[in-house]
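To be precise, the following lines are final.txt, and they hold compact mmCIF, C-alpha atoms and all ligand atoms.
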```txt
# COMPACT_ATOMS: atom_id res chain seq x y z
CA MET A 1 25.30 59.77 53.99
CA ASN A 2 22.37 58.02 55.57
CA ASN A 3 23.21 56.14 58.72
CA PRO A 4 21.76 52.61 58.44
CA ASN A 5 21.24 52.54 62.20
CA PHE A 6 18.73 55.38 62.10
CA VAL A 7 15.37 54.49 63.57
CA SER A 8 12.69 55.12 60.97
CA MET A 9 9.66 55.66 63.26
CA LYS A 10 7.70 58.82 62.48
CA LYS A 11 7.67 61.66 64.96
CA GLY A 12 6.58 65.26 64.68
CA HIS A 13 8.21 68.61 64.02
CA VAL A 14 10.49 70.11 66.64
CA LEU A 15 11.65 73.72 66.61
CA VAL A 16 15.35 73.88 67.49
CA SER A 17 16.34 77.47 68.21
CA GLY A 18 20.11 77.89 67.94
CA GLY A 19 20.15 74.65 65.96
CA ALA A 20 23.15 75.72 63.86
CA GLY A 21 25.26 76.20 66.98
CA TYR A 22 27.51 73.76 68.80
CA ILE A 23 25.08 71.75 70.97
CA GLY A 24 22.06 72.53 68.78
CA SER A 25 23.58 71.02 65.62
CA HIS A 26 24.46 67.75 67.40
CA THR A 27 20.94 67.63 68.84
CA VAL A 28 19.44 68.10 65.37
CA VAL A 29 21.38 65.00 64.26
CA SER A 30 20.11 63.00 67.26
CA LEU A 31 16.55 64.14 66.63
CA ILE A 32 16.72 62.91 63.03
CA GLU A 33 18.25 59.61 64.16
CA ASN A 34 15.22 59.22 66.41
CA GLY A 35 12.62 59.92 63.74
CA TYR A 36 11.82 63.57 64.55
CA HIS A 37 11.55 66.42 62.02
CA PRO A 38 13.67 69.25 63.38
CA VAL A 39 13.32 72.80 62.06
CA ILE A 40 16.35 74.97 62.74
CA VAL A 41 15.76 78.58 63.78
CA ASP A 42 19.04 80.46 63.97
CA ASP A 43 20.25 83.81 62.64
CA LEU A 44 23.84 82.50 62.47
CA ARG A 45 25.17 85.23 64.75
CA ASN A 46 27.43 82.63 66.34
CA ALA A 47 27.37 79.83 63.80
CA HIS A 48 28.56 79.05 60.30
CA GLU A 49 26.46 77.93 57.37
CA LYS A 50 28.87 75.01 56.82
CA ILE A 51 27.48 73.37 59.96
CA LEU A 52 24.19 73.03 58.08
CA SER A 53 25.93 71.15 55.27
CA GLY A 54 27.73 69.06 57.91
CA ILE A 55 24.34 68.01 59.30
CA LYS A 56 23.25 67.07 55.78
CA LYS A 57 26.41 64.98 55.25
CA ILE A 58 25.72 63.01 58.42
CA THR A 59 21.99 62.52 58.05
CA GLY A 60 21.49 62.64 54.28
CA LYS A 61 18.65 65.09 54.95
CA GLU A 62 18.04 68.72 54.11
CA ILE A 63 16.81 70.24 57.36
CA PRO A 64 14.38 73.17 57.16
CA PHE A 65 16.31 76.26 58.19
CA GLU A 66 14.74 79.58 59.15
CA LYS A 67 17.24 82.43 59.41
CA ILE A 68 15.44 84.31 62.15
CA ASP A 69 16.38 86.32 65.21
CA VAL A 70 14.36 84.81 68.08
CA CYS A 71 14.04 88.32 69.52
CA ASP A 72 11.92 89.19 66.47
CA LEU A 73 8.48 88.08 67.70
CA ASN A 74 6.67 88.50 64.38
CA SER A 75 9.10 86.42 62.32
CA LEU A 76 9.07 83.76 64.99
CA LYS A 77 5.28 83.71 64.96
CA LYS A 78 5.32 83.04 61.20
CA THR A 79 7.54 79.99 61.79
CA PHE A 80 5.09 78.69 64.39
CA GLU A 81 2.31 79.22 61.83
CA ARG A 82 4.18 77.22 59.17
CA TYR A 83 4.86 74.03 61.17
CA PRO A 84 2.73 71.90 63.51
CA PHE A 85 5.39 71.75 66.22
CA GLU A 86 5.08 69.09 68.90
CA GLY A 87 8.02 70.44 70.83
CA VAL A 88 10.62 73.19 71.15
CA ILE A 89 14.25 72.91 72.20
CA HIS A 90 15.56 76.35 73.01
CA PHE A 91 19.34 76.77 72.67
CA ALA A 92 19.56 80.25 71.11
CA ALA A 93 21.43 82.48 73.54
CA TYR A 94 24.78 84.15 74.14
CA LYS A 95 27.05 82.03 76.33
CA ALA A 96 30.38 83.75 77.07
CA VAL A 97 30.66 84.35 80.81
CA GLY A 98 33.43 86.99 80.59
CA GLU A 99 31.70 88.95 77.82
CA SER A 100 28.48 89.00 79.85
CA VAL A 101 30.30 90.82 82.66
CA GLU A 102 31.42 93.50 80.18
CA SER A 103 28.12 93.72 78.26
CA PRO A 104 25.31 92.68 80.62
CA LEU A 105 22.51 94.34 78.61
CA LYS A 106 23.49 92.44 75.48
CA TYR A 107 23.07 89.20 77.47
CA TYR A 108 19.84 90.09 79.27
CA LYS A 109 18.30 91.34 76.02
CA ASN A 110 19.12 88.33 73.87
CA ASN A 111 18.79 85.55 76.41
CA ILE A 112 15.65 86.80 78.15
CA ILE A 113 13.72 88.36 75.23
CA GLY A 114 14.52 85.34 73.06
CA LEU A 115 13.15 83.01 75.74
CA LEU A 116 10.03 85.15 76.31
CA ASN A 117 9.24 85.20 72.60
CA ILE A 118 9.66 81.46 72.26
CA LEU A 119 7.46 80.81 75.30
CA GLU A 120 4.80 83.27 74.14
CA ASN A 121 4.52 81.37 70.86
CA CYS A 122 4.48 78.00 72.62
CA ILE A 123 1.47 79.16 74.63
CA SER A 124 -0.32 80.78 71.64
CA PHE A 125 0.18 77.74 69.41
CA ASN A 126 -0.34 75.19 72.19
CA VAL A 127 3.10 73.65 71.82
CA GLN A 128 3.38 71.91 75.16
CA ASN A 129 6.77 70.22 75.22
CA PHE A 130 9.65 72.54 75.99
CA VAL A 131 13.32 71.79 76.66
CA PHE A 132 15.50 74.64 77.91
CA SER A 133 19.32 74.90 77.79
CA SER A 134 20.18 75.64 81.35
CA SER A 135 23.62 75.28 82.84
CA CYS A 136 25.60 74.09 85.85
CA THR A 137 26.39 77.78 86.18
CA VAL A 138 23.08 78.13 88.10
CA TYR A 139 24.78 76.45 91.07
CA GLY A 140 27.38 79.24 91.27
CA GLU A 141 30.18 78.34 93.73
CA PRO A 142 28.75 75.37 95.66
CA LYS A 143 29.36 75.63 99.41
CA ASP A 144 31.42 72.72 100.86
CA VAL A 145 30.31 70.28 98.16
CA LYS A 146 31.90 69.22 94.92
CA VAL A 147 29.11 67.08 93.56
CA VAL A 148 25.80 68.86 93.04
CA THR A 149 22.30 67.43 92.83
CA GLU A 150 19.31 69.27 91.39
CA ASN A 151 18.36 70.11 94.99
CA SER A 152 21.67 71.78 95.79
CA THR A 153 21.27 75.41 96.75
CA ILE A 154 21.21 77.86 93.87
CA GLN A 155 23.78 80.51 94.82
CA LYS A 156 23.69 84.04 93.50
CA ALA A 157 24.89 83.86 89.91
CA ASN A 158 28.46 85.02 89.49
CA SER A 159 27.90 86.56 86.07
CA PRO A 160 25.08 88.19 84.09
CA TYR A 161 25.19 85.13 81.81
CA GLY A 162 24.60 82.82 84.79
CA ASN A 163 21.83 85.12 85.94
CA THR A 164 20.06 84.81 82.56
CA LYS A 165 19.94 81.03 83.12
CA GLN A 166 18.59 81.43 86.67
CA ILE A 167 15.99 83.98 85.50
CA GLY A 168 15.16 81.74 82.52
CA GLU A 169 14.41 78.82 84.84
CA GLU A 170 12.25 81.09 87.03
CA ILE A 171 10.25 82.41 84.05
CA ILE A 172 9.54 78.85 82.92
CA SER A 173 8.56 77.79 86.43
CA ASP A 174 6.24 80.83 86.86
CA LEU A 175 4.55 80.02 83.56
CA VAL A 176 4.03 76.37 84.51
CA ASN A 177 2.74 77.42 87.95
CA SER A 178 0.23 79.78 86.33
CA LYS A 179 -1.44 76.57 85.11
CA LYS A 180 -0.62 77.33 81.51
CA SER A 181 -0.45 74.20 79.45
CA LEU A 182 3.32 73.83 79.38
CA LYS A 183 5.57 70.88 80.17
CA ALA A 184 9.21 71.85 80.57
CA VAL A 185 12.57 70.26 81.29
CA ASN A 186 15.50 72.47 82.21
CA LEU A 187 18.67 70.59 81.31
CA ARG A 188 21.59 71.82 83.40
CA TYR A 189 24.61 70.86 81.33
CA PHE A 190 28.02 70.71 82.91
CA ASN A 191 30.91 71.08 80.42
CA PRO A 192 29.88 69.88 76.93
CA VAL A 193 32.96 68.94 74.86
CA GLY A 194 33.98 66.90 71.79
CA ALA A 195 32.40 66.73 68.35
CA HIS A 196 30.42 64.36 66.16
CA PRO A 197 32.66 61.30 65.56
CA SER A 198 32.38 61.88 61.77
CA ALA A 199 34.03 65.31 62.21
CA ASN A 200 31.33 66.83 59.99
CA ILE A 201 30.12 69.06 62.81
CA GLY A 202 31.77 70.35 65.99
CA GLU A 203 32.42 73.51 67.94
CA LEU A 204 33.41 76.54 65.85
CA PRO A 205 34.40 79.18 68.36
CA ILE A 206 34.31 82.60 66.73
CA GLY A 207 37.40 84.56 67.78
CA LYS A 208 39.71 83.50 70.59
CA PRO A 209 38.32 80.54 72.53
CA ALA A 210 37.96 80.77 76.32
CA ASN A 211 36.89 77.19 77.08
CA LEU A 212 39.50 74.60 77.92
CA PHE A 213 38.87 72.03 75.17
CA PRO A 214 39.11 74.37 72.16
CA VAL A 215 42.10 76.04 73.84
CA ILE A 216 43.85 72.65 74.11
CA THR A 217 43.06 71.51 70.55
CA GLN A 218 43.99 74.92 69.09
CA CYS A 219 47.28 74.73 71.00
CA GLY A 220 47.79 71.19 69.64
CA ILE A 221 47.27 72.38 66.05
CA GLY A 222 49.51 75.43 66.54
CA LYS A 223 46.89 78.23 66.49
CA ILE A 224 47.68 79.05 70.11
CA GLU A 225 51.26 79.07 71.32
CA LYS A 226 50.75 78.29 75.00
CA ILE A 227 48.01 77.40 77.48
CA THR A 228 47.80 79.22 80.77
CA ILE A 229 46.43 76.92 83.47
CA PHE A 230 44.33 78.98 85.84
CA GLY A 231 45.83 78.04 89.18
CA GLY A 232 47.89 75.07 90.38
CA ASN A 233 47.46 75.32 94.15
CA HIS A 234 43.79 74.51 94.52
CA ASP A 235 42.68 71.83 96.94
CA THR A 236 42.17 69.19 94.21
CA ILE A 237 43.83 65.96 93.07
CA ASP A 238 46.77 67.80 91.40
CA GLY A 239 46.12 71.45 92.33
CA THR A 240 44.27 72.33 89.10
CA CYS A 241 40.51 72.90 88.77
CA VAL A 242 38.18 69.96 88.27
CA ARG A 243 35.16 69.84 85.94
CA ASP A 244 32.63 67.35 84.61
CA TYR A 245 33.32 67.18 80.85
CA VAL A 246 30.47 65.51 78.98
CA HIS A 247 30.54 64.50 75.30
CA VAL A 248 28.31 66.72 73.14
CA MET A 249 26.73 63.60 71.56
CA ASP A 250 25.60 62.51 75.02
CA VAL A 251 24.26 66.02 75.66
CA ALA A 252 22.37 65.83 72.35
CA ASP A 253 20.90 62.47 73.32
CA ALA A 254 19.71 63.93 76.63
CA HIS A 255 17.52 66.40 74.69
CA VAL A 256 15.87 63.66 72.68
CA LYS A 257 15.23 61.67 75.87
CA ALA A 258 13.87 64.77 77.63
CA LEU A 259 11.49 65.44 74.75
CA ASN A 260 10.38 61.80 74.75
CA TRP A 261 9.79 61.93 78.48
CA LEU A 262 7.72 65.12 78.19
CA GLU A 263 5.57 63.61 75.44
CA LYS A 264 4.68 60.73 77.76
CA GLN A 265 3.58 62.93 80.67
CA GLU A 266 -0.17 63.17 81.01
CA ARG A 267 -0.33 66.19 83.29
CA ASP A 268 -0.69 69.53 81.46
CA SER A 269 1.82 71.52 83.52
CA ILE A 270 5.17 70.16 84.63
CA VAL A 271 8.61 71.58 85.24
CA GLU A 272 11.75 69.51 85.90
CA TYR A 273 15.44 70.30 86.40
CA ILE A 274 18.00 67.70 85.36
CA ASN A 275 21.80 67.65 85.58
CA ILE A 276 23.59 66.49 82.45
CA GLY A 277 27.14 65.38 83.17
CA THR A 278 29.15 62.19 83.56
CA GLY A 279 29.30 62.27 87.34
CA LYS A 280 33.12 62.22 87.14
CA GLY A 281 35.59 65.04 87.60
CA THR A 282 38.68 65.66 85.47
CA SER A 283 41.43 68.14 86.31
CA VAL A 284 42.95 70.58 83.81
CA LEU A 285 46.28 68.71 83.93
CA GLU A 286 44.53 65.37 83.39
CA ALA A 287 42.70 66.80 80.36
CA ILE A 288 45.98 68.06 78.91
CA ARG A 289 47.61 64.64 79.48
CA PHE A 290 44.72 62.83 77.80
CA PHE A 291 45.14 65.12 74.82
CA GLU A 292 48.91 64.55 74.64
CA ASP A 293 48.48 60.76 74.81
CA ILE A 294 45.74 60.66 72.17
CA SER A 295 47.16 63.19 69.71
CA GLY A 296 50.87 62.57 70.19
CA GLN A 297 51.27 66.39 70.34
CA LYS A 298 53.06 68.05 73.24
CA ILE A 299 51.14 70.89 74.85
CA ASN A 300 53.06 73.96 75.86
CA TRP A 301 51.56 75.18 79.13
CA GLU A 302 52.39 77.52 81.98
CA MET A 303 50.92 77.75 85.45
CA GLY A 304 49.04 81.05 85.88
CA LYS A 305 46.93 82.71 88.53
CA PRO A 306 43.42 81.44 89.33
CA ARG A 307 40.77 82.91 86.99
CA PRO A 308 38.53 85.30 88.95
CA GLY A 309 35.16 83.73 89.70
CA ASP A 310 36.30 80.20 88.75
CA VAL A 311 34.70 77.37 90.73
CA VAL A 312 37.51 75.10 91.99
CA GLU A 313 35.83 71.71 91.71
CA ILE A 314 32.34 70.77 90.56
CA TYR A 315 30.72 67.76 89.02
CA ALA A 316 27.22 66.44 88.57
CA ASP A 317 25.18 63.97 90.50
CA VAL A 318 23.42 62.32 87.57
CA THR A 319 21.09 59.99 89.45
CA LYS A 320 18.00 61.94 88.38
CA ALA A 321 18.85 61.86 84.66
CA LYS A 322 19.19 58.08 84.86
CA LYS A 323 16.02 57.65 86.89
CA LEU A 324 13.75 60.02 85.00
CA LEU A 325 15.10 59.91 81.45
CA ASN A 326 17.02 56.65 81.48
CA TRP A 327 19.91 58.78 80.25
CA GLU A 328 23.56 58.36 81.13
CA ALA A 329 26.75 59.36 79.38
CA LYS A 330 27.98 56.68 76.99
CA TYR A 331 31.09 58.44 75.77
CA THR A 332 34.22 58.88 77.91
CA ILE A 333 36.36 61.98 78.20
CA LYS A 334 38.96 60.19 76.06
CA ASP A 335 36.33 59.74 73.31
CA ALA A 336 35.61 63.46 73.60
CA VAL A 337 39.31 64.36 73.31
CA LYS A 338 39.66 62.07 70.25
CA ASP A 339 36.60 63.58 68.54
CA ALA A 340 37.54 67.17 69.41
CA TRP A 341 41.02 66.57 67.94
CA ARG A 342 39.66 64.95 64.76
CA TRP A 343 37.39 68.00 64.35
CA GLU A 344 40.23 70.50 64.94
CA LYS A 345 42.35 68.76 62.28
CA LYS A 346 39.40 68.74 59.88
CA ILE A 347 38.68 72.46 60.20
CA LYS A 348 42.35 73.28 59.77
CA ASN A 349 42.16 71.84 56.24
CA ASP A 350 38.79 73.42 55.36
P1 LIG B 1 26.45 78.34 70.37
O1 LIG B 1 26.78 79.78 70.45
O2 LIG B 1 27.32 77.45 69.58
O3 LIG B 1 24.94 78.15 69.85
C1 LIG B 1 23.94 79.11 70.07
C2 LIG B 1 23.26 79.35 68.73
O4 LIG B 1 22.19 80.27 68.92
C3 LIG B 1 24.19 79.96 67.70
O5 LIG B 1 24.10 79.21 66.50
C4 LIG B 1 23.68 81.38 67.50
O6 LIG B 1 23.85 81.84 66.17
C5 LIG B 1 22.24 81.23 67.88
N1 LIG B 1 21.62 82.45 68.41
C6 LIG B 1 22.01 83.19 69.48
N2 LIG B 1 21.16 84.21 69.66
C7 LIG B 1 20.22 84.11 68.70
C8 LIG B 1 19.07 84.88 68.36
N3 LIG B 1 18.72 85.96 69.03
N4 LIG B 1 18.33 84.48 67.32
C9 LIG B 1 18.65 83.38 66.59
N5 LIG B 1 19.73 82.62 66.86
C10 LIG B 1 20.50 82.99 67.91
O7 LIG B 1 26.33 77.83 71.89
P2 LIG B 1 26.20 76.35 72.45
O8 LIG B 1 27.48 76.02 73.14
O9 LIG B 1 25.68 75.46 71.42
O10 LIG B 1 25.12 76.61 73.58
C11 LIG B 1 23.75 76.38 73.34
C12 LIG B 1 22.97 76.70 74.61
O11 LIG B 1 23.45 75.90 75.67
C13 LIG B 1 23.08 78.14 75.08
O12 LIG B 1 21.83 78.54 75.59
C14 LIG B 1 24.11 78.06 76.19
O13 LIG B 1 23.93 79.08 77.13
C15 LIG B 1 23.80 76.70 76.79
N6 LIG B 1 24.93 76.08 77.49
C16 LIG B 1 26.12 75.91 76.84
C17 LIG B 1 27.18 75.31 77.50
C18 LIG B 1 28.53 75.16 76.84
O14 LIG B 1 29.53 75.00 77.54
N7 LIG B 1 28.62 75.18 75.50
C19 LIG B 1 27.02 74.87 78.83
C20 LIG B 1 25.79 75.03 79.45
C21 LIG B 1 24.74 75.66 78.77
C1 LIG B 2 37.28 74.62 82.37
C2 LIG B 2 38.47 74.57 83.30
C3 LIG B 2 39.39 76.71 83.93
C4 LIG B 2 40.83 77.75 79.93
C5 LIG B 2 32.08 77.46 81.42
C6 LIG B 2 31.01 78.42 81.86
C7 LIG B 2 29.82 77.69 82.39
C8 LIG B 2 29.34 76.64 81.39
C9 LIG B 2 30.45 75.74 80.98
C10 LIG B 2 27.72 77.61 79.91
C11 LIG B 2 38.40 75.64 84.37
C12 LIG B 2 40.39 75.89 83.12
C13 LIG B 2 40.26 77.06 80.98
C14 LIG B 2 42.23 78.02 79.95
C15 LIG B 2 42.38 76.87 82.06
N1 LIG B 2 28.90 77.26 80.16
N2 LIG B 2 41.02 76.63 82.03
N3 LIG B 2 42.95 77.57 81.03
O1 LIG B 2 34.62 77.69 83.41
O2 LIG B 2 33.95 75.29 83.81
O3 LIG B 2 32.50 76.73 82.54
O4 LIG B 2 31.54 76.52 80.48
O5 LIG B 2 26.75 77.58 80.59
O6 LIG B 2 28.84 78.63 82.62
O7 LIG B 2 31.54 79.25 82.87
O8 LIG B 2 34.63 76.02 81.52
O9 LIG B 2 36.14 75.46 79.67
O10 LIG B 2 36.18 77.82 80.60
O11 LIG B 2 37.09 75.96 81.94
O12 LIG B 2 43.08 76.48 83.01
O13 LIG B 2 42.80 78.66 79.06
O14 LIG B 2 39.65 74.84 82.55
O15 LIG B 2 40.02 77.33 85.01
O16 LIG B 2 38.86 75.04 85.55
P1 LIG B 2 34.00 76.48 82.93
P2 LIG B 2 36.02 76.37 80.84
```
Written as structure tokens, how would this file's structure read?
Amino acid sequence: MNNPNFVSMKKGHVLVSGGAGYIGSHTVVSLIENGYHPVIVDDLRNAHEKILSGIKKITGKEIPFEKIDVCDLNSLKKTFERYPFEGVIHFAAYKAVGESVESPLKYYKNNIIGLLNILENCISFNVQNFVFSSSCTVYGEPKDVKVVTENSTIQKANSPYGNTKQIGEEIISDLVNSKKSLKAVNLRYFNPVGAHPSANIGELPIGKPANLFPVITQCGIGKIEKITIFGGNHDTIDGTCVRDYVHVMDVADAHVKALNWLEKQERDSIVEYINIGTGKGTSVLEAIRFFEDISGQKINWEMGKPRPGDVVEIYADVTKAKKLLNWEAKYTIKDAVKDAWRWEKKIKND
């Protein structure tokens, strides 16, 4: 259905690589709401076709979809030939930290070659505006601080996945510094959670989920018997780890604002790094309690050992996002829990 609140102003085409995935699909919806013409490039290796029909249900629009592997340079080039892109938002990548430790080459190959191919086409076709999915993972284990700014020290990545994001940022910065005509924003998301409030799109983890939110909702629905909390004796508010959980709709909105900001910049070469979080920390036990209160379901949990490599407490300083993009999170963690739960119940009946 068409949303009557959609702004009708005309904007150009935007290539959204990984646009059928979790954050990409929500961003496609936000782009349409803001008058853009997104083109999804995704080979569905970690996404389901039904997300594309979910986007159509929300927006009332059929979005051009190119089933392409971004590591295939020639196919990608044909897509750049077909559309006059004014910007690219690059999500397509593998994202499982644990898997990247077991299969580093798989991660370096997909995440780096995919990025190189996208950038090569941006330069060839003079597509200047580029938004990159970076991650709070680039900060590694922050030393003596819990809240990180974009100027916080980048520690050695604690996984090959994290390293692909650090290398990705460096490649983009080198390209901008070579005076190529490229304007880039690296969005460092903290923990994106929740789903579209309509429950037409949301996160569809393939296989057993590792992230806290899908673990909680799957436990609530009965797919998982018990949650293991990774450590209860940390130096935090209640002993469990603290994260900055940010609603995926807010994350989507940050991309639209980043693209808008880039379009307004008159210089030919720019690179920026921006944290995307709420600026507030939530512990694992707090997240479980929010879920129990909202869903009315009791969560069966046990206290386990700390997860190797886990950061104890981290959240974002979001001053720069507000200042530069006029972006701040509008949804609360409780909204995210509500929407994630509505989505989990919806996919159970699908
Ligand atoms: P996702 O797996 O849901 O989406 C990624 C999409 O890219 C999938 O649809 C997948 O099919 C596609 N894809 C992957 N490799 C591809 C290739 N070679 N060619 C074409 N399509 C390909 O993941 P997500 O959670 O939406 O994450 C999107 C981006 O954000 C990723 O770059 C991820 O590293 C980054 N990120 C995610 C989080 C998070 O917690 N979800 C946090 C920080 C950063
Ligand atoms: C959240 C908290 C766990 C599962 C990951 C990536 C990071 C970024 C965001 C992409 C932690 C605890 C979890 C469980 C638990 N992604 N937990 N039991 O680790 O903050 O970050 O996603 O860039 O790179 O590492 O997210 O959802 O896995 O964990 O106690 O079964 O929940 O210890 O404190 P994390 P998460």
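Of note, atom CA of Gln128 of chain A and atom CA of Lys183 of chain A are spaced 5.6 Å apart.
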If the limit is 7 Å from any atom of ligand LIG 1 (chain B), counting all atoms listed in the file, which residues qualify? Return them as a VMD selection string. chain A and resid 17 to 24 41 to 47 68 to 71 91 to 95 110 114 133 to 136 188 to 192 203
Residues of the last selection are to be written out with C-alpha atoms, as a PDB file, in the frame of the given file.
```
ATOM      1  CA  SER A  17      16.340  77.470  68.210  1.00  0.00           C
ATOM      2  CA  GLY A  18      20.110  77.890  67.940  1.00  0.00           C
ATOM      3  CA  GLY A  19      20.150  74.650  65.960  1.00  0.00           C
ATOM      4  CA  ALA A  20      23.150  75.720  63.860  1.00  0.00           C
ATOM      5  CA  GLY A  21      25.260  76.200  66.980  1.00  0.00           C
ATOM      6  CA  TYR A  22      27.510  73.760  68.800  1.00  0.00           C
ATOM      7  CA  ILE A  23      25.080  71.750  70.970  1.00  0.00           C
ATOM      8  CA  GLY A  24      22.060  72.530  68.780  1.00  0.00           C
ATOM      9  CA  VAL A  41      15.760  78.580  63.780  1.00  0.00           C
ATOM     10  CA  ASP A  42      19.040  80.460  63.970  1.00  0.00           C
ATOM     11  CA  ASP A  43      20.250  83.810  62.640  1.00  0.00           C
ATOM     12  CA  LEU A  44      23.840  82.500  62.470  1.00  0.00           C
ATOM     13  CA  ARG A  45      25.170  85.230  64.750  1.00  0.00           C
ATOM     14  CA  ASN A  46      27.430  82.630  66.340  1.00  0.00           C
ATOM     15  CA  ALA A  47      27.370  79.830  63.800  1.00  0.00           C
ATOM     16  CA  ILE A  68      15.440  84.310  62.150  1.00  0.00           C
ATOM     17  CA  ASP A  69      16.380  86.320  65.210  1.00  0.00           C
ATOM     18  CA  VAL A  70      14.360  84.810  68.080  1.00  0.00           C
ATOM     19  CA  CYS A  71      14.040  88.320  69.520  1.00  0.00           C
ATOM     20  CA  PHE A  91      19.340  76.770  72.670  1.00  0.00           C
ATOM     21  CA  ALA A  92      19.560  80.250  71.110  1.00  0.00           C
ATOM     22  CA  ALA A  93      21.430  82.480  73.540  1.00  0.00           C
ATOM     23  CA  TYR A  94      24.780  84.150  74.140  1.00  0.00           C
ATOM     24  CA  LYS A  95      27.050  82.030  76.330  1.00  0.00           C
ATOM     25  CA  ASN A 110      19.120  88.330  73.870  1.00  0.00           C
ATOM     26  CA  GLY A 114      14.520  85.340  73.060  1.00  0.00           C
ATOM     27  CA  SER A 133      19.320  74.900  77.790  1.00  0.00           C
ATOM     28  CA  SER A 134      20.180  75.640  81.350  1.00  0.00           C
ATOM     29  CA  SER A 135      23.620  75.280  82.840  1.00  0.00           C
ATOM     30  CA  CYS A 136      25.600  74.090  85.850  1.00  0.00           C
ATOM     31  CA  ARG A 188      21.590  71.820  83.400  1.00  0.00           C
ATOM     32  CA  TYR A 189      24.610  70.860  81.330  1.00  0.00           C
ATOM     33  CA  PHE A 190      28.020  70.710  82.910  1.00  0.00           C
ATOM     34  CA  ASN A 191      30.910  71.080  80.420  1.00  0.00           C
ATOM     35  CA  PRO A 192      29.880  69.880  76.930  1.00  0.00           C
ATOM     36  CA  GLU A 203      32.420  73.510  67.940  1.00  0.00           C
TER      37      GLU A 203
END
```
Cut-off 8 Å, only C-alpha atoms and all ligand atoms, neighbours of ligand LIG 2 (chain B) as a PyMOL selection string: chain A and resi 95-97+134-138+161-162+189-192+210-213+215-216+227-231+240-243+283-284+306-307+310-313
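Closest approach to Thr278 of chain A among A:Ala195, A:Val147, A:Ile201, A:Ile172: A:Val147, based on only C-alpha atoms.
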Could you work out how far atom CA of His13 of chain A lies from atom CA of Tyr83 of chain A, giving the answer in Å with one decimal?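 Going from atom CA of Tyr83 of chain A over to atom CA of His13 of chain A covers 7.0 Å.
Excluding Asp350 of chain A itself and same-chain residues fewer than 3 positions from it, the residues having an atom within 12 Å of it are Lys50, Ala199, Asn200, Trp343, Glu344, Lys345, Lys346 and Ile347 of chain A, counting all atoms listed in the file.
Using all atoms listed in the file, the residues found no farther than 7 Å from segment 28-32 of chain A, other than those of its own chain fewer than 5 positions away, are Gly19, His37, Pro38, Ile55, Thr59, Ala252, Asp253 and Val256 of chain A.
Computed from the coordinates, the atom CA of Lys334 of chain A to atom CA of Glu302 of chain A distance equals 22.7 Å.
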Would you list the contacts of Asn326 of chain A as a count of residues only, taking every protein, DNA or RNA residue within 10 Å and counting all atoms listed in the file, but skipping same-chain residues closer than 6 positions in sequence? 6
